>>> print(open('query_1.csv').read())   # CSV, C-alpha atoms
chain,number,residue,atom,x,y,z
Y,1,MET,CA,108.3,110.7,114.1
Y,2,ASN,CA,105.0,109.6,115.4
Y,3,ARG,CA,103.7,108.3,112.1
Y,4,GLN,CA,102.2,104.8,112.0
Y,5,GLN,CA,104.7,102.1,111.0
Y,6,ARG,CA,103.3,99.2,108.9
Y,7,TYR,CA,105.0,96.2,107.4
Y,8,PHE,CA,103.9,94.0,104.5
Y,9,ARG,CA,104.9,90.8,102.7
Y,10,ILE,CA,103.3,89.5,99.5
Y,11,PRO,CA,104.3,86.6,97.2
Y,12,PHE,CA,105.1,87.1,93.6
Y,13,ILE,CA,106.1,85.1,90.5
Y,14,ARG,CA,108.5,86.7,88.1
Y,15,PRO,CA,106.6,87.9,85.0
Y,16,GLY,CA,108.5,85.6,82.6
Y,17,ASP,CA,107.9,82.6,84.8
Y,18,GLN,CA,104.1,82.7,85.0
Y,19,TYR,CA,103.7,81.5,81.4
Y,20,LYS,CA,106.2,78.6,81.6
Y,21,ASP,CA,105.3,74.9,81.8
Y,22,PRO,CA,102.3,74.6,84.1
Y,23,GLN,CA,103.5,71.1,85.2
Y,24,LYS,CA,106.6,72.5,86.9
Y,25,PRO,CA,106.2,74.3,90.2
Y,26,GLN,CA,106.9,78.0,89.8
Y,27,LYS,CA,109.4,79.6,92.1
Y,28,LYS,CA,107.7,82.2,94.3
Y,29,GLY,CA,109.6,85.3,95.5
Y,30,TRP,CA,108.6,87.7,98.3
Y,31,TRP,CA,108.2,91.5,98.2
Y,32,TYR,CA,108.5,93.2,101.6
Y,33,ALA,CA,107.7,96.8,102.4
Y,34,HIS,CA,108.0,99.1,105.4
Y,35,PHE,CA,105.6,102.1,105.3
Y,36,ASP,CA,106.5,105.1,107.4
Y,37,GLY,CA,103.1,106.8,107.5
Y,38,PRO,CA,101.6,106.8,104.0
Y,39,TRP,CA,105.0,106.4,102.2
Y,40,ILE,CA,107.4,103.5,101.7
Y,41,ALA,CA,110.6,103.8,103.7
Y,42,ARG,CA,112.3,100.4,103.0
Y,43,GLN,CA,111.6,97.7,100.4
Y,44,MET,CA,113.0,94.2,99.8
Y,45,GLU,CA,112.6,91.8,97.0
Y,46,LEU,CA,113.6,88.2,97.6
Y,47,HIS,CA,113.9,86.2,94.4
Y,48,PRO,CA,114.6,82.5,94.2
Y,49,ASP,CA,118.2,81.8,93.3
Y,50,LYS,CA,119.2,85.5,93.4
Y,51,GLN,CA,120.7,88.0,95.8
Y,52,PRO,CA,118.1,90.0,97.8
Y,53,ILE,CA,117.3,93.5,96.5
Y,54,LEU,CA,117.3,96.1,99.3
Y,55,LEU,CA,116.0,99.6,98.7
Y,56,VAL,CA,115.7,102.6,101.0
Y,57,ALA,CA,113.8,105.9,100.6
Y,58,GLY,CA,115.9,108.7,99.2
Y,59,LYS,CA,118.8,106.6,97.8
Y,60,ASP,CA,116.6,104.2,95.7
Y,61,ASP,CA,113.5,106.3,95.1
Y,62,MET,CA,113.5,105.5,91.3
Y,63,GLU,CA,113.4,101.7,91.9
Y,64,MET,CA,110.9,101.7,94.8
Y,65,CYS,CA,107.1,101.6,95.0
Y,66,GLU,CA,105.9,105.1,94.3
Y,67,LEU,CA,102.3,104.6,95.4
Y,68,SER,CA,101.0,105.6,98.8
Y,69,LEU,CA,100.0,102.9,101.2
Y,70,GLU,CA,96.3,103.6,100.5
Y,71,GLU,CA,96.9,103.5,96.7
Y,72,THR,CA,98.6,100.0,97.0
Y,73,GLY,CA,95.6,98.4,98.6
Y,74,LEU,CA,98.0,96.4,100.8
Y,75,SER,CA,96.1,97.4,104.0
Y,76,ARG,CA,93.0,95.7,102.6
Y,77,LYS,CA,94.8,92.6,101.3
Y,78,ARG,CA,94.2,89.7,103.7
Y,79,GLY,CA,97.3,88.2,105.2
Y,80,ALA,CA,99.7,90.8,103.7
Y,81,GLU,CA,100.5,92.7,106.9
Y,82,ILE,CA,103.2,91.3,109.1
Y,83,LEU,CA,104.7,92.1,112.4
Y,84,PRO,CA,107.6,94.6,112.6
Y,85,ARG,CA,110.0,91.9,113.9
Y,86,GLN,CA,109.2,89.6,110.9
Y,87,PHE,CA,110.3,92.4,108.6
Y,88,GLU,CA,113.3,93.3,110.7
Y,89,GLU,CA,114.6,89.7,110.9
Y,90,ILE,CA,114.7,89.4,107.1
Y,91,TRP,CA,116.0,92.9,106.7
Y,92,GLU,CA,118.9,92.2,109.0
Y,93,ARG,CA,119.6,88.7,107.6
Y,94,CYS,CA,119.9,90.3,104.1
Y,95,GLY,CA,122.3,93.0,105.1
Y,96,GLY,CA,119.8,95.8,105.5
Y,97,ILE,CA,121.4,97.4,108.5
Y,98,GLN,CA,124.7,97.9,106.7
Y,99,TYR,CA,122.9,99.0,103.5
Y,100,LEU,CA,120.8,101.6,105.4
Y,101,ARG,CA,123.9,102.7,107.5
Y,102,SER,CA,125.9,103.3,104.3
Y,103,ALA,CA,123.0,105.3,102.8
Y,104,ILE,CA,122.8,107.4,106.0
Y,105,GLU,CA,126.5,108.0,106.1
Y,106,SER,CA,126.6,109.1,102.4
Y,107,ARG,CA,123.6,111.4,103.1
Y,108,GLN,CA,121.5,109.6,100.5
Y,109,ALA,CA,118.8,108.2,102.9
Y,110,ARG,CA,115.6,110.3,103.4
Y,111,PRO,CA,114.9,110.8,107.1
Y,112,THR,CA,112.4,108.1,108.2
Y,113,TYR,CA,111.5,106.2,111.3
Y,114,ALA,CA,114.0,103.5,110.2
Y,115,THR,CA,116.9,106.0,109.8
Y,116,ALA,CA,116.1,107.5,113.2
Y,117,MET,CA,116.0,104.1,114.9
Y,118,LEU,CA,119.3,103.1,113.3
Y,119,GLN,CA,121.0,106.4,114.2
Y,120,SER,CA,119.8,106.1,117.8
Y,121,LEU,CA,121.4,102.6,118.0
Y,122,LEU,CA,124.7,103.9,116.6
Y,123,LYS,CA,125.1,106.6,119.2
>>> encode(input="query_1.csv", output="structure tokens")
Amino acid sequence: MNRQQRYFRIPFIRPGDQYKDPQKPQKKGWWYAHFDGPWIARQMELHPDKQPILLVAGKDDMEMCELSLEETGLSRKRGAEILPRQFEEIWERCGGIQYLRSAIESRQARPTYATAMLQSLLK
């Protein structure tokens, strides 16, 4: 479990909204990612006026980013990398601890740094 842990946040506009009236301010959402080594371990999508979308490796692989960290280009995108606590604050506020715990208990979560940390807290 000594892989590098990196956290990212990037803004996005829903695909359908980008072509709407340019006079109206477009609602920006946020995409968050936690990479455990080269692969994504947890992902969040925060959409305006919607419930947050939480995803964890193993359980939600089909809906998650399938590119490696290098392939995403995030590490070269200025301002995209955030501190671990910035990710964790949002993850906790959105119910991420309960979501990950449920995935661990149902044996759906792939072992990652995040699952190891949560399991150590629960002991």
>>> residues_around(input="query_1.csv", residues="segment 39-53 of chain Y", least_positions_apart="2", cutoff="7 Å", atoms="all atoms listed in the file", output="VMD selection string")
chain Y and resid 27 to 37 55 to 57 64 to 65 68 to 69 94 112
>>> atom_distance(input="query_1.csv", atom1="atom CA of Gln119 of chain Y", atom2="atom CA of Leu67 of chain Y")
26.6 Å
>>> closest_residue(input="query_1.csv", among="Y:Arg78, Y:Lys123, Y:Lys59, Y:Arg93", to="Arg110 of chain Y", atoms="only C-alpha atoms")
Y:Lys59
>>> atom_distance(input="query_1.csv", atom1="atom CA of Leu74 of chain Y", atom2="atom CA of Gly95 of chain Y")
24.9 Å
>>> closest_residue(input="query_1.csv", among="Y:Phe8, Y:Ala114, Y:Leu100, Y:Arg3", to="Asp60 of chain Y", atoms="all atoms listed in the file")
Y:Leu100
>>> closest_residue(input="query_1.csv", among="Y:Pro11, Y:Gly73, Y:Leu54, Y:Pro111", to="Gln98 of chain Y", atoms="only C-alpha atoms")
Y:Leu54
>>> atom_distance(input="query_1.csv", atom1="atom CA of Ala80 of chain Y", atom2="atom CA of Ile10 of chain Y")
5.7 Å
>>> residues_around(input="query_1.csv", residues="Arg85 of chain Y", least_positions_apart="5", cutoff="10 Å", atoms="all atoms listed in the file", output="PyMOL selection string")
chain Y and resi 7+90-91
>>> write_last_selection(input="query_1.csv", atoms="C-alpha atoms", output="compact mmCIF listing (two decimals), in the frame of the given file")
# COMPACT_ATOMS: atom_id res chain seq x y z
CA TYR Y 7 105.00 96.20 107.40
CA ILE Y 90 114.70 89.40 107.10
CA TRP Y 91 116.00 92.90 106.70
